[in-house]
file model_36.txt (compact mmCIF, N, CA and C atoms and all ligand atoms)
# COMPACT_ATOMS: atom_id res chain seq x y z
N MET A 1 38.79 49.66 34.03
CA MET A 1 38.23 50.26 35.24
C MET A 1 37.24 49.28 35.87
N ILE A 2 37.41 49.06 37.14
CA ILE A 2 36.54 48.11 37.82
C ILE A 2 35.55 48.85 38.72
N ASN A 3 34.30 48.51 38.55
CA ASN A 3 33.26 49.14 39.36
C ASN A 3 32.50 48.08 40.14
N ASN A 4 32.12 48.44 41.32
CA ASN A 4 31.23 47.60 42.10
C ASN A 4 29.82 48.18 41.96
N LEU A 5 28.98 47.43 41.24
CA LEU A 5 27.62 47.92 40.97
C LEU A 5 26.86 48.23 42.25
N VAL A 6 27.18 47.45 43.28
CA VAL A 6 26.44 47.61 44.53
C VAL A 6 26.66 49.00 45.13
N GLU A 7 27.84 49.55 44.89
CA GLU A 7 28.13 50.89 45.42
C GLU A 7 27.11 51.91 44.98
N GLN A 8 26.74 51.84 43.70
CA GLN A 8 25.78 52.82 43.18
C GLN A 8 24.40 52.64 43.82
N HIS A 9 24.05 51.38 44.04
CA HIS A 9 22.76 51.12 44.65
C HIS A 9 22.75 51.55 46.11
N VAL A 10 23.87 51.32 46.78
CA VAL A 10 23.96 51.71 48.18
C VAL A 10 23.90 53.23 48.30
N ALA A 11 24.58 53.93 47.39
CA ALA A 11 24.54 55.40 47.41
C ALA A 11 23.13 55.90 47.14
N ALA A 12 22.43 55.25 46.22
CA ALA A 12 21.06 55.64 45.92
C ALA A 12 20.14 55.37 47.11
N ALA A 13 20.37 54.24 47.77
CA ALA A 13 19.56 53.90 48.94
C ALA A 13 19.80 54.93 50.05
N TYR A 14 21.06 55.34 50.17
CA TYR A 14 21.37 56.37 51.17
C TYR A 14 20.57 57.65 50.89
N ASP A 15 20.63 58.10 49.65
CA ASP A 15 19.93 59.34 49.30
C ASP A 15 18.43 59.21 49.53
N ALA A 16 17.88 58.03 49.25
CA ALA A 16 16.45 57.83 49.39
C ALA A 16 16.03 57.77 50.86
N MET A 17 16.90 57.22 51.70
CA MET A 17 16.49 56.96 53.08
C MET A 17 16.93 58.00 54.08
N ARG A 18 17.97 58.71 53.73
CA ARG A 18 18.50 59.74 54.62
C ARG A 18 17.39 60.66 55.17
N PRO A 19 16.43 61.14 54.33
CA PRO A 19 15.39 62.04 54.85
C PRO A 19 14.48 61.40 55.89
N HIS A 20 14.45 60.06 55.91
CA HIS A 20 13.59 59.38 56.88
C HIS A 20 14.26 59.25 58.25
N PHE A 21 15.51 59.68 58.34
CA PHE A 21 16.23 59.59 59.60
C PHE A 21 16.69 61.00 60.00
N PRO A 22 15.75 61.80 60.48
CA PRO A 22 16.06 63.21 60.77
C PRO A 22 17.14 63.38 61.83
N ASP A 23 17.33 62.39 62.70
CA ASP A 23 18.36 62.50 63.73
C ASP A 23 19.73 62.09 63.23
N PHE A 24 19.77 61.51 62.04
CA PHE A 24 21.05 61.10 61.48
C PHE A 24 21.87 62.34 61.19
N CYS A 25 23.15 62.30 61.59
CA CYS A 25 24.01 63.48 61.47
C CYS A 25 24.16 63.92 60.02
N GLY A 26 24.60 63.01 59.15
CA GLY A 26 24.70 63.35 57.74
C GLY A 26 25.98 64.06 57.32
N CYS A 27 26.93 64.24 58.24
CA CYS A 27 28.21 64.82 57.82
C CYS A 27 28.97 63.78 56.99
N GLU A 28 30.09 64.19 56.43
CA GLU A 28 30.81 63.29 55.52
C GLU A 28 31.25 62.00 56.22
N ILE A 29 31.66 62.10 57.47
CA ILE A 29 32.09 60.91 58.21
C ILE A 29 30.92 59.96 58.39
N CYS A 30 29.78 60.49 58.82
CA CYS A 30 28.62 59.64 59.08
C CYS A 30 28.06 59.07 57.77
N ARG A 31 28.10 59.88 56.72
CA ARG A 31 27.64 59.40 55.42
C ARG A 31 28.48 58.21 54.98
N GLU A 32 29.80 58.36 55.07
CA GLU A 32 30.67 57.27 54.64
C GLU A 32 30.51 56.05 55.54
N ASP A 33 30.32 56.27 56.83
CA ASP A 33 30.12 55.13 57.72
C ASP A 33 28.86 54.36 57.35
N ALA A 34 27.81 55.09 56.99
CA ALA A 34 26.56 54.43 56.60
C ALA A 34 26.76 53.65 55.30
N LEU A 35 27.48 54.24 54.35
CA LEU A 35 27.74 53.56 53.08
C LEU A 35 28.59 52.31 53.31
N VAL A 36 29.63 52.46 54.13
CA VAL A 36 30.53 51.33 54.40
C VAL A 36 29.78 50.22 55.14
N TYR A 37 28.95 50.61 56.08
CA TYR A 37 28.18 49.62 56.83
C TYR A 37 27.35 48.77 55.87
N ALA A 38 26.64 49.41 54.98
CA ALA A 38 25.79 48.67 54.04
C ALA A 38 26.65 47.85 53.07
N LEU A 39 27.72 48.46 52.56
CA LEU A 39 28.56 47.76 51.58
C LEU A 39 29.19 46.51 52.17
N ASN A 40 29.53 46.56 53.44
CA ASN A 40 30.15 45.39 54.07
C ASN A 40 29.17 44.25 54.27
N ARG A 41 27.90 44.53 54.14
CA ARG A 41 26.89 43.50 54.35
C ARG A 41 26.29 42.95 53.08
N ILE A 42 26.64 43.57 51.96
CA ILE A 42 26.09 43.15 50.67
C ILE A 42 27.23 42.62 49.82
N PRO A 43 27.08 41.45 49.24
CA PRO A 43 28.14 40.93 48.38
C PRO A 43 28.38 41.88 47.20
N ALA A 44 29.63 42.12 46.88
CA ALA A 44 29.97 43.03 45.79
C ALA A 44 29.64 42.39 44.44
N ARG A 45 29.28 43.23 43.47
CA ARG A 45 29.06 42.78 42.09
C ARG A 45 29.93 43.64 41.21
N TYR A 46 31.04 43.06 40.80
CA TYR A 46 31.99 43.86 40.03
C TYR A 46 31.73 43.77 38.54
N VAL A 47 31.89 44.87 37.86
CA VAL A 47 31.87 44.89 36.40
C VAL A 47 33.08 45.68 35.92
N ALA A 48 33.57 45.31 34.75
CA ALA A 48 34.64 46.07 34.12
C ALA A 48 34.03 46.98 33.07
N THR A 49 34.47 48.21 33.05
CA THR A 49 33.98 49.13 32.03
C THR A 49 35.17 49.62 31.23
N ASN A 50 34.97 49.83 29.96
CA ASN A 50 36.03 50.41 29.13
C ASN A 50 36.17 51.88 29.47
N THR A 51 37.34 52.40 29.16
CA THR A 51 37.58 53.81 29.46
C THR A 51 36.51 54.68 28.82
N GLY A 52 36.02 55.60 29.57
CA GLY A 52 35.06 56.55 29.02
C GLY A 52 33.62 56.08 29.05
N SER A 53 33.42 54.79 29.09
CA SER A 53 32.03 54.32 29.09
C SER A 53 31.46 54.39 30.50
N VAL A 54 30.23 54.71 30.54
CA VAL A 54 29.58 54.87 31.83
C VAL A 54 28.54 53.77 31.98
N VAL A 55 28.50 53.20 33.16
CA VAL A 55 27.46 52.21 33.41
C VAL A 55 26.17 52.95 33.70
N THR A 56 25.31 53.00 32.71
CA THR A 56 24.06 53.72 32.92
C THR A 56 22.99 52.77 33.46
N GLU A 57 23.01 51.58 32.92
CA GLU A 57 22.00 50.61 33.35
C GLU A 57 22.64 49.67 34.36
N VAL A 58 22.23 49.78 35.57
CA VAL A 58 22.77 48.92 36.61
C VAL A 58 21.76 47.84 36.91
N ASN A 59 22.16 46.64 36.64
CA ASN A 59 21.24 45.54 36.87
C ASN A 59 21.68 44.67 38.04
N LEU A 60 20.88 44.61 39.02
CA LEU A 60 21.07 43.60 40.03
C LEU A 60 20.13 42.47 39.64
N GLU A 61 20.57 41.26 39.91
CA GLU A 61 19.81 40.12 39.41
C GLU A 61 18.38 40.09 39.91
N LYS A 62 18.23 40.37 41.16
CA LYS A 62 16.91 40.17 41.73
C LYS A 62 16.45 41.39 42.50
N GLU A 63 15.17 41.55 42.51
CA GLU A 63 14.57 42.59 43.32
C GLU A 63 14.99 42.40 44.78
N GLN A 64 15.26 41.16 45.12
CA GLN A 64 15.68 40.81 46.47
C GLN A 64 16.97 41.53 46.87
N SER A 65 17.86 41.66 45.89
CA SER A 65 19.13 42.33 46.20
C SER A 65 18.88 43.76 46.60
N ARG A 66 17.95 44.39 45.89
CA ARG A 66 17.62 45.78 46.19
C ARG A 66 17.06 45.89 47.60
N ALA A 67 16.17 44.96 47.95
CA ALA A 67 15.59 44.98 49.29
C ALA A 67 16.67 44.77 50.34
N ALA A 68 17.61 43.87 50.06
CA ALA A 68 18.70 43.60 51.00
C ALA A 68 19.54 44.86 51.21
N ILE A 69 19.77 45.59 50.13
CA ILE A 69 20.55 46.82 50.23
C ILE A 69 19.81 47.84 51.08
N GLU A 70 18.50 47.93 50.88
CA GLU A 70 17.73 48.91 51.65
C GLU A 70 17.72 48.56 53.14
N VAL A 71 17.59 47.27 53.42
CA VAL A 71 17.60 46.84 54.82
C VAL A 71 18.96 47.14 55.46
N ALA A 72 20.03 46.83 54.74
CA ALA A 72 21.38 47.08 55.26
C ALA A 72 21.59 48.57 55.49
N MET A 73 21.10 49.39 54.57
CA MET A 73 21.26 50.83 54.71
C MET A 73 20.47 51.36 55.90
N MET A 74 19.27 50.83 56.08
CA MET A 74 18.45 51.25 57.22
C MET A 74 19.13 50.92 58.54
N ASP A 75 19.68 49.70 58.62
CA ASP A 75 20.43 49.29 59.81
C ASP A 75 21.58 50.24 60.08
N GLY A 76 22.31 50.55 59.02
CA GLY A 76 23.47 51.42 59.15
C GLY A 76 23.07 52.80 59.64
N LEU A 77 22.02 53.36 59.04
CA LEU A 77 21.57 54.68 59.45
C LEU A 77 21.16 54.68 60.92
N ARG A 78 20.49 53.61 61.32
CA ARG A 78 20.04 53.51 62.71
C ARG A 78 21.23 53.45 63.66
N LYS A 79 22.17 52.56 63.34
CA LYS A 79 23.34 52.36 64.21
C LYS A 79 24.16 53.64 64.32
N ILE A 80 24.36 54.30 63.21
CA ILE A 80 25.24 55.47 63.22
C ILE A 80 24.53 56.66 63.85
N THR A 81 23.20 56.67 63.77
CA THR A 81 22.45 57.70 64.47
C THR A 81 22.66 57.59 65.98
N MET A 82 22.74 56.35 66.47
CA MET A 82 22.92 56.11 67.90
C MET A 82 24.34 56.47 68.36
N ALA A 83 25.32 56.19 67.52
CA ALA A 83 26.71 56.39 67.93
C ALA A 83 27.53 56.94 66.77
N PRO A 84 27.33 58.19 66.43
CA PRO A 84 28.07 58.75 65.31
C PRO A 84 29.55 58.89 65.66
N ARG A 85 30.41 58.45 64.75
CA ARG A 85 31.85 58.47 64.99
C ARG A 85 32.40 59.89 65.00
N CYS A 86 31.68 60.83 64.38
CA CYS A 86 32.18 62.19 64.30
C CYS A 86 32.04 62.91 65.64
N GLY A 87 31.32 62.29 66.59
CA GLY A 87 31.21 62.89 67.91
C GLY A 87 29.97 63.73 68.13
N LYS A 88 29.12 63.81 67.09
CA LYS A 88 27.84 64.50 67.29
C LYS A 88 27.07 63.73 68.35
N ARG A 89 26.57 64.44 69.32
CA ARG A 89 25.89 63.75 70.41
C ARG A 89 24.49 63.37 69.98
N PRO A 90 24.06 62.18 70.40
CA PRO A 90 22.68 61.78 70.08
C PRO A 90 21.70 62.76 70.69
N GLN A 91 20.54 62.84 70.09
CA GLN A 91 19.52 63.75 70.60
C GLN A 91 19.26 63.46 72.07
N PRO A 92 19.31 64.48 72.92
CA PRO A 92 19.00 64.24 74.34
C PRO A 92 17.55 63.81 74.47
N SER A 93 17.31 62.86 75.37
CA SER A 93 15.95 62.35 75.51
C SER A 93 15.07 63.40 76.20
N MET A 94 15.70 64.26 77.01
CA MET A 94 14.93 65.30 77.66
C MET A 94 15.58 66.66 77.36
N PRO A 95 14.78 67.64 77.07
CA PRO A 95 15.34 68.95 76.83
C PRO A 95 16.01 69.49 78.09
N ALA A 96 17.14 70.15 77.93
CA ALA A 96 17.90 70.62 79.10
C ALA A 96 17.18 71.75 79.80
ZN ZN A 101 28.46 63.13 61.74

call {"tool": "encode", "arguments": {"input": "model_36.txt", "output": "structure tokens"}}
result
Amino acid sequence: MINNLVEQHVAAAYDAMRPHFPDFCGCEICREDALVYALNRIPARYVATNTGSVVTEVNLEKEQSRAAIEVAMMDGLRKITMAPRCGKRPQPSMPA
């Protein structure tokens, strides 16, 4: 079984940052778009795991990688908030 360690970090970054973007839609489409956006900007780190074993300890080499993931996730959340693919309209600047 092949796992990309970065995926877990990106998912964790999403969960941590999502509350800071109240205008972010957060539906399944937007969630995946945010994850994909960040994943496409961070080099993958693949590990092989034996059947049944779970990667509990995820090590990225440097604290820097974690920061890069958070920055990429923030960018993604911002971009998708502006133009969500699911069609949710951005917050109107003026109340109707
Ligand atoms: Zn959405």

call {"tool": "residues_near_ligand", "arguments": {"input": "model_36.txt", "ligand": "ligand ZN 101 (chain A)", "cutoff": "7 Å", "atoms": "only N, CA and C atoms and all ligand atoms", "output": "number ranges by chain"}}
result
A: 24-31, 84-88

call {"tool": "closest_residue", "arguments": {"input": "model_36.txt", "among": "A:Asp33, A:Phe21, A:His9, A:Ala83", "to": "Ser65 (chain A)", "atoms": "only C-alpha atoms"}}
result
A:His9

call {"tool": "atom_distance", "arguments": {"input": "model_36.txt", "atom1": "CA of Val47 (chain A)", "atom2": "CA of Asn4 (chain A)"}}
result
6.3 Å

call {"tool": "atom_distance", "arguments": {"input": "model_36.txt", "atom1": "atom N of Glu32 (chain A)", "atom2": "atom N of Ile80 (chain A)"}}
result
10.6 Å

call {"tool": "atom_distance", "arguments": {"input": "model_36.txt", "atom1": "atom C of Arg41 (chain A)", "atom2": "CA of Tyr14 (chain A)"}}
result
14.4 Å

call {"tool": "residues_around", "arguments": {"input": "model_36.txt", "residues": "Tyr37 (chain A)", "least_positions_apart": "6", "cutoff": "7 Å", "atoms": "all atoms listed in the file", "output": "JSON, numbers by chain"}}
result
{"A": [72, 73, 76]}

call {"tool": "decode", "arguments": {"input": "model_36.txt", "residues": "region 5-31 of chain A", "atoms": "N, CA and C atoms", "output": "PDB file, in the first residue's frame"}}
result
ATOM      1  N   LEU A   5       2.508  10.825   2.473  1.00  0.00           N
ATOM      2  CA  LEU A   5       2.463  11.412   3.818  1.00  0.00           C
ATOM      3  C   LEU A   5       1.903  12.825   3.804  1.00  0.00           C
ATOM      4  N   VAL A   6       2.171  13.514   2.703  1.00  0.00           N
ATOM      5  CA  VAL A   6       1.752  14.910   2.639  1.00  0.00           C
ATOM      6  C   VAL A   6       0.229  15.032   2.695  1.00  0.00           C
ATOM      7  N   GLU A   7      -0.449  14.021   2.163  1.00  0.00           N
ATOM      8  CA  GLU A   7      -1.920  14.053   2.188  1.00  0.00           C
ATOM      9  C   GLU A   7      -2.459  14.222   3.592  1.00  0.00           C
ATOM     10  N   GLN A   8      -1.863  13.491   4.538  1.00  0.00           N
ATOM     11  CA  GLN A   8      -2.351  13.567   5.918  1.00  0.00           C
ATOM     12  C   GLN A   8      -2.108  14.950   6.515  1.00  0.00           C
ATOM     13  N   HIS A   9      -0.961  15.515   6.158  1.00  0.00           N
ATOM     14  CA  HIS A   9      -0.654  16.842   6.680  1.00  0.00           C
ATOM     15  C   HIS A   9      -1.562  17.899   6.066  1.00  0.00           C
ATOM     16  N   VAL A  10      -1.839  17.721   4.780  1.00  0.00           N
ATOM     17  CA  VAL A  10      -2.710  18.675   4.107  1.00  0.00           C
ATOM     18  C   VAL A  10      -4.122  18.594   4.690  1.00  0.00           C
ATOM     19  N   ALA A  11      -4.589  17.370   4.952  1.00  0.00           N
ATOM     20  CA  ALA A  11      -5.917  17.211   5.549  1.00  0.00           C
ATOM     21  C   ALA A  11      -5.958  17.829   6.940  1.00  0.00           C
ATOM     22  N   ALA A  12      -4.887  17.661   7.696  1.00  0.00           N
ATOM     23  CA  ALA A  12      -4.831  18.243   9.039  1.00  0.00           C
ATOM     24  C   ALA A  12      -4.798  19.766   8.962  1.00  0.00           C
ATOM     25  N   ALA A  13      -4.056  20.283   7.984  1.00  0.00           N
ATOM     26  CA  ALA A  13      -3.986  21.737   7.817  1.00  0.00           C
ATOM     27  C   ALA A  13      -5.362  22.283   7.438  1.00  0.00           C
ATOM     28  N   TYR A  14      -6.066  21.522   6.604  1.00  0.00           N
ATOM     29  CA  TYR A  14      -7.422  21.939   6.233  1.00  0.00           C
ATOM     30  C   TYR A  14      -8.307  22.053   7.481  1.00  0.00           C
ATOM     31  N   ASP A  15      -8.287  21.011   8.297  1.00  0.00           N
ATOM     32  CA  ASP A  15      -9.128  21.010   9.496  1.00  0.00           C
ATOM     33  C   ASP A  15      -8.765  22.158  10.431  1.00  0.00           C
ATOM     34  N   ALA A  16      -7.464  22.449  10.520  1.00  0.00           N
ATOM     35  CA  ALA A  16      -7.017  23.498  11.427  1.00  0.00           C
ATOM     36  C   ALA A  16      -7.390  24.886  10.913  1.00  0.00           C
ATOM     37  N   MET A  17      -7.379  25.052   9.598  1.00  0.00           N
ATOM     38  CA  MET A  17      -7.541  26.400   9.047  1.00  0.00           C
ATOM     39  C   MET A  17      -8.942  26.732   8.589  1.00  0.00           C
ATOM     40  N   ARG A  18      -9.690  25.711   8.285  1.00  0.00           N
ATOM     41  CA  ARG A  18     -11.061  25.908   7.819  1.00  0.00           C
ATOM     42  C   ARG A  18     -11.839  26.896   8.704  1.00  0.00           C
ATOM     43  N   PRO A  19     -11.765  26.801  10.055  1.00  0.00           N
ATOM     44  CA  PRO A  19     -12.535  27.726  10.907  1.00  0.00           C
ATOM     45  C   PRO A  19     -12.117  29.192  10.758  1.00  0.00           C
ATOM     46  N   HIS A  20     -10.905  29.413  10.241  1.00  0.00           N
ATOM     47  CA  HIS A  20     -10.440  30.790  10.084  1.00  0.00           C
ATOM     48  C   HIS A  20     -10.949  31.422   8.794  1.00  0.00           C
ATOM     49  N   PHE A  21     -11.653  30.640   7.991  1.00  0.00           N
ATOM     50  CA  PHE A  21     -12.187  31.154   6.729  1.00  0.00           C
ATOM     51  C   PHE A  21     -13.706  30.968   6.733  1.00  0.00           C
ATOM     52  N   PRO A  22     -14.397  31.820   7.485  1.00  0.00           N
ATOM     53  CA  PRO A  22     -15.845  31.642   7.655  1.00  0.00           C
ATOM     54  C   PRO A  22     -16.619  31.739   6.343  1.00  0.00           C
ATOM     55  N   ASP A  23     -16.067  32.427   5.337  1.00  0.00           N
ATOM     56  CA  ASP A  23     -16.765  32.544   4.060  1.00  0.00           C
ATOM     57  C   ASP A  23     -16.521  31.348   3.152  1.00  0.00           C
ATOM     58  N   PHE A  24     -15.582  30.500   3.546  1.00  0.00           N
ATOM     59  CA  PHE A  24     -15.299  29.323   2.735  1.00  0.00           C
ATOM     60  C   PHE A  24     -16.506  28.398   2.777  1.00  0.00           C
ATOM     61  N   CYS A  25     -16.897  27.904   1.591  1.00  0.00           N
ATOM     62  CA  CYS A  25     -18.121  27.105   1.493  1.00  0.00           C
ATOM     63  C   CYS A  25     -18.033  25.837   2.338  1.00  0.00           C
ATOM     64  N   GLY A  26     -17.007  25.029   2.124  1.00  0.00           N
ATOM     65  CA  GLY A  26     -16.835  23.846   2.959  1.00  0.00           C
ATOM     66  C   GLY A  26     -17.619  22.619   2.519  1.00  0.00           C
ATOM     67  N   CYS A  27     -18.315  22.689   1.380  1.00  0.00           N
ATOM     68  CA  CYS A  27     -18.976  21.479   0.891  1.00  0.00           C
ATOM     69  C   CYS A  27     -17.910  20.510   0.374  1.00  0.00           C
ATOM     70  N   GLU A  28     -18.333  19.316   0.003  1.00  0.00           N
ATOM     71  CA  GLU A  28     -17.362  18.289  -0.386  1.00  0.00           C
ATOM     72  C   GLU A  28     -16.536  18.730  -1.604  1.00  0.00           C
ATOM     73  N   ILE A  29     -17.159  19.403  -2.550  1.00  0.00           N
ATOM     74  CA  ILE A  29     -16.435  19.865  -3.741  1.00  0.00           C
ATOM     75  C   ILE A  29     -15.372  20.878  -3.343  1.00  0.00           C
ATOM     76  N   CYS A  30     -15.753  21.846  -2.524  1.00  0.00           N
ATOM     77  CA  CYS A  30     -14.815  22.902  -2.138  1.00  0.00           C
ATOM     78  C   CYS A  30     -13.709  22.337  -1.242  1.00  0.00           C
ATOM     79  N   ARG A  31     -14.079  21.402  -0.378  1.00  0.00           N
ATOM     80  CA  ARG A  31     -13.083  20.771   0.484  1.00  0.00           C
ATOM     81  C   ARG A  31     -12.031  20.068  -0.376  1.00  0.00           C
TER      82      ARG A  31
END
